[in-house]
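Remarks on the structure that follows.
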Amino acid sequence: MEYIPVKTILSRVKYGSSWFGIDYNMNLYRGCNHGCIYCDSRSDCYHIENFDKIRAKENEIEILNSALAGKKEKGVVAIGSMSDTYNPLEKKYEITSKALELLKRYNFGIAIATKSNLIERDIPILKEINKHNDVIVKITITTSDDNLAKKLEPNVCTSSERFKTVKKLTNNGIFAGILLMPILPFINDTEENIIQIVEKAHQAGAKFIYSYMGVTLRDKQRDYYYNKIDKLYPELSLKYKKTYGSRYSCDSPNYKRLYKVFKQACEKYGILYKMDDIIKAYKKPKNQQISLF
């Protein structure tokens, strides 16, 4: 494990009311080796060289402890927004587990985003935090097809394994659901894929599905993505360039139809899909957030 020096771990966010009601953000690792071909974190604006190499942060648990101890305002801390916190090295180093213990100690809520079933290891601590604070887990699933998932996200567990993780989380009382994003134009933007994901989410007991029917592309990330899809689907990047040019947001040409199908399927099974509804559903009333102290 390579360690990089940092001064801070925890940062206050201003966009929380529109993104799962979070108050703080932290990434415990820098870089990720899941190999997802579409990952926005490869973009130049994040200044992460050699993104496929996982690095931890020097003394981060001690830094986090000091930061949490000094916060008068409690809230929900987002984990894994840029680099998946449940990468393969987490199994050995347990940095995320240690951070969760601190969040429990200082009475903070958590919002975790991951593609890894390693999160199942931490269900006991998630349940403990959930007794007093807000907990939401977002499992990214982009396709119902395991073979396609292995092409798009080669170094992470299959979609079927992730659905099982959602079921284990919800069976343990954790408010868990699915991030259905990105939807890649000309690859997984089909009605069949959307409907199958919603149906499997229902079978897994998912509380919500939040989706964006497209993909974001910019600078270095765009080049990386085009290179990968041309290996999977020769010359597909030419179709992207013709359709989107240098646009950042690349909505599926079937965006309106797909979202309508998605909405109808979610409503059929009683699955939340609007951000405001998801936030209201997992946030506890203030009088239930009893301090551990």
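Letters for chains follow the order of the structure tokens (A, B, ...), residue numbers begin at 1 for each chain, and ligand numbers begin at 1 in the order shown.
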
Can you tell me, as number ranges by chain, what residues are no more than 7 Å from Asp189 (chain A) when counting only C-alpha atoms, ignoring any on the same chain fewer than 5 positions away?
A: 183-184, 252

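Residues within 9 Å of region 143-156 of chain A, counting only C-alpha atoms and excluding same-chain residues fewer than 3 positions away, are Asn33, His34, Gly35, Cys36, Ile37, Tyr38, Asn87, Lys115, Ser116, Asn117, Ser159, Ser160, Leu180, Ile183, Asn188, Asn193, Ile194, Gln196, Ile197, Lys200, Lys228, Ile229 and Leu232 of chain A.
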
Dump of C-alpha atoms for the selected residues, as a tab-separated table (two decimals), in the first residue's frame:
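Listed below is the output, again-v6.tsv:
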chain	number	residue	atom	x	y	z
A	33	ASN	CA	-8.88	-0.64	-9.58
A	34	HIS	CA	-12.42	-1.72	-10.41
A	35	GLY	CA	-11.57	-0.83	-14.02
A	36	CYS	CA	-15.00	0.64	-14.89
A	37	ILE	CA	-14.65	1.93	-18.44
A	38	TYR	CA	-16.87	4.98	-17.85
A	87	ASN	CA	-11.73	-1.87	-3.07
A	115	LYS	CA	-20.08	-1.61	-6.38
A	116	SER	CA	-18.49	-4.16	-4.06
A	117	ASN	CA	-20.12	-6.89	-1.99
A	159	SER	CA	-24.55	-7.52	-11.08
A	160	SER	CA	-26.25	-10.64	-9.71
A	180	LEU	CA	-28.72	2.96	-12.08
A	183	ILE	CA	-26.67	4.33	-18.90
A	188	ASN	CA	-27.01	-0.71	-22.17
A	193	ASN	CA	-32.24	-3.71	-19.40
A	194	ILE	CA	-34.12	-1.03	-17.46
A	196	GLN	CA	-34.97	-6.23	-15.71
A	197	ILE	CA	-32.98	-4.08	-13.28
A	200	LYS	CA	-34.51	-7.64	-9.84
A	228	LYS	CA	-12.22	0.86	-24.25
A	229	ILE	CA	-15.50	0.81	-26.16
A	232	LEU	CA	-15.52	-4.00	-27.18

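Minimum atom-to-atom distances from A:Glu161, A:Glu199, A:Lys71, A:Val76 to Gln264 (chain A) were compared using only C-alpha atoms, and the lowest value belongs to A:Glu199.
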
Taking only C-alpha atoms into account, which of A:Gly31, A:Arg105, A:Tyr226, A:Ile271 comes nearest Asn50 (chain A)?
A:Gly31

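Going from CA of Glu58 (chain A) over to CA of Val135 (chain A), you cover 26.9 Å.
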
Could you pull out all residues of region 65-267 of chain A with a DSSP call of helix (DSSP H, G or I) and give them as a ChimeraX atom specification?
/A:65-69,90-93,95-105,117-130,146-152,159-171,191-203,219-232,236-244,255-267

Top pick for closest residue to Arg162 (chain A), considering A:Lys131, A:Lys104, A:Pro285, A:Glu120 and counting only C-alpha atoms
A:Glu120

Spatial neighbours of Val166 (chain A), 7 Å, only C-alpha atoms, chain gap at least 2 places, as a PyMOL selection string
chain A and resi 162-164+168-170+176-177+204+206

Would you export the selected residues with C-alpha atoms as a CSV table (one decimal), in the first residue's frame, please?
chain,number,residue,atom,x,y,z
A,162,ARG,CA,-24.7,-6.9,-6.2
A,163,PHE,CA,-28.4,-7.6,-6.1
A,164,LYS,CA,-27.7,-10.3,-3.4
A,168,LYS,CA,-28.7,-8.7,2.6
A,169,LEU,CA,-28.6,-5.1,3.5
A,170,THR,CA,-32.3,-4.6,3.4
A,176,ALA,CA,-30.4,0.3,0.5
A,177,GLY,CA,-31.0,0.7,-3.1
A,204,ALA,CA,-33.9,-7.8,-3.7
A,206,ALA,CA,-34.4,-2.4,-2.8

Within 10 Å of Arg30 (chain A), counting only C-alpha atoms, which residues qualify if same-chain residues fewer than 6 places away don't, as an NGL selection string?
:A and (3-4 or 41 or 48-57 or 80 or 82-85)

Select from region 53-270 of chain A everything DSSP, run on the backbone, classes as strand (DSSP E or B), then give the selection as a ChimeraX atom specification.
/A:55-57,76-79,109-114,135-140,175-180,208-211,214-216,249-251

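In this model, the gap between CA of Arg42 (chain A) and CA of Ile79 (chain A) comes to 17.8 Å.
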